[in-house]
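Before any comments, here is the structure.
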Amino acid sequence: MLEDILFALWFFLPAGVANAIPVFVAKMPGIKAYEAPMDCGLTFRGRRVFGAHKTWRGLIAGIIAGTLTLWLQQYLVGEFSWFDGFADQVDYQALPTLIMGPLFAIGALGGDAIESFFKRQLNISPGKGWFPFDQTDYIIGVAIATMPFVSLSIGQYAWLIVVWLIMHVISTVIGYFLGLKERPI
């Protein structure tokens with residue numbers, strides 16, 4: 001069980017970082033001005049497609065952060081045998097960094113954007129919680145985006161959902177207490 005939890009944390013780390021980084025980048029002076037929405041202000045059935053909080057700045061920052069995180073993981077697995085224990089189910093040295101890093105980010109942030117589309121269409125206010133979709137959208141997006149390169153077992157996908165659902169709740173509460181999020185969940 002502990003091995004499954006550690007694998008889920010390790011494997012999904014680039015996506016977790018990519019999913020979190022837009023919140024931090026949005027608060028950075030100088031970069032804050034570049035918040036062009038991914039939906040370019042377009043509407044569908046009278047409602048914004050994704051909303052103002054899904055920005056190109058966040059997507060680009062997520063892609064960079066996810067790719068750098070994957071590159072660091074590959075380096076650590078290659079240089080330190082201790083990290084092999086986390087990664088033994090995936091050949092990290094064979095993963096194409098410049099494809100998989102962006103896929104982790106696009107899967108995470110794209111899953112979140114798709115969930116935002118449905119929230120807008122159901123007239124759920126931006127920032128208002130939609131449990132469990134707010135907590136699982138990015139996990140499902142990454143699972144789908146990375147499937148062509150990494151095939152995990154059903155059990156491993158289940159562990160990814162459970163572990164990262166818990167991680168998402170914990171990080172959202174921490175972000176709330178740090179003043180980065182408006183609501184704790």
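So you can find residues: chains in the structure tokens are A, B, ... in the order shown, residues in each start at 1, and ligands are numbered from 1 in order.
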Please identify all polymer residues within 7 Å of Pro22 in chain A, counting only C-alpha atoms, omitting same-chain residues fewer than 3 positions from it, and present them as a PDB file with all heavy atoms, in the first residue's frame.
```pdb
ATOM      1  N   ASN A  19      -0.655  21.973 -12.088  1.00  0.00           N
ATOM      2  CA  ASN A  19      -1.993  22.390 -11.676  1.00  0.00           C
ATOM      3  C   ASN A  19      -1.955  23.507 -10.635  1.00  0.00           C
ATOM      4  O   ASN A  19      -2.832  24.365 -10.611  1.00  0.00           O
ATOM      5  CB  ASN A  19      -2.764  21.184 -11.125  1.00  0.00           C
ATOM      6  CG  ASN A  19      -4.232  21.473 -10.954  1.00  0.00           C
ATOM      7  OD1 ASN A  19      -4.914  21.886 -11.888  1.00  0.00           O
ATOM      8  ND2 ASN A  19      -4.726  21.255  -9.751  1.00  0.00           N
ATOM      9  N   VAL A  25       1.572  32.068 -10.054  1.00  0.00           N
ATOM     10  CA  VAL A  25       1.953  32.987 -11.132  1.00  0.00           C
ATOM     11  C   VAL A  25       0.986  34.164 -11.203  1.00  0.00           C
ATOM     12  O   VAL A  25       1.390  35.293 -11.492  1.00  0.00           O
ATOM     13  CB  VAL A  25       2.036  32.230 -12.474  1.00  0.00           C
ATOM     14  CG1 VAL A  25       2.251  33.167 -13.638  1.00  0.00           C
ATOM     15  CG2 VAL A  25       3.159  31.206 -12.424  1.00  0.00           C
ATOM     16  N   ALA A  26      -0.280  33.912 -10.921  1.00  0.00           N
ATOM     17  CA  ALA A  26      -1.288  34.984 -10.968  1.00  0.00           C
ATOM     18  C   ALA A  26      -1.004  36.077  -9.940  1.00  0.00           C
ATOM     19  O   ALA A  26      -1.446  37.216 -10.111  1.00  0.00           O
ATOM     20  CB  ALA A  26      -2.680  34.409 -10.735  1.00  0.00           C
ATOM     21  N   GLY A  58      -1.435  31.027 -17.253  1.00  0.00           N
ATOM     22  CA  GLY A  58      -1.457  29.856 -16.377  1.00  0.00           C
ATOM     23  C   GLY A  58      -1.099  28.581 -17.119  1.00  0.00           C
ATOM     24  O   GLY A  58      -0.360  27.736 -16.601  1.00  0.00           O
ATOM     25  N   ALA A  61       2.700  28.695 -17.931  1.00  0.00           N
ATOM     26  CA  ALA A  61       3.455  28.470 -16.693  1.00  0.00           C
ATOM     27  C   ALA A  61       3.340  27.013 -16.254  1.00  0.00           C
ATOM     28  O   ALA A  61       4.317  26.412 -15.800  1.00  0.00           O
ATOM     29  CB  ALA A  61       2.958  29.404 -15.594  1.00  0.00           C
ATOM     30  N   GLY A  62       2.153  26.433 -16.403  1.00  0.00           N
ATOM     31  CA  GLY A  62       1.953  25.037 -16.050  1.00  0.00           C
ATOM     32  C   GLY A  62       2.782  24.107 -16.921  1.00  0.00           C
ATOM     33  O   GLY A  62       3.374  23.140 -16.426  1.00  0.00           O
TER      34      GLY A  62
END
```
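Using only C-alpha atoms, the residues found no farther than 8 Å from Thr69 in chain A, other than those of its own chain fewer than 2 positions away, are Leu13, Pro14, Val17, Ala65, Gly66, Thr67, Trp71, Leu72, Gln73 and Gly101 of chain A.
Between CA of Ala94 in chain A and CA of Leu70 in chain A lies a distance of 11.9 Å.
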- Do a neighbour search on Tyr138 in chain A at 9 Å with only C-alpha atoms, toss out local chain neighbours closer than 4 positions, and write the hits as a ChimeraX atom specification. /A:15-16,19,107-113,115,133-134,142-143
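Closest approach to Gly179 in chain A among A:Val23, A:Ile140, A:Ile106, A:Met1 is made by A:Val23 (distances from only C-alpha atoms).
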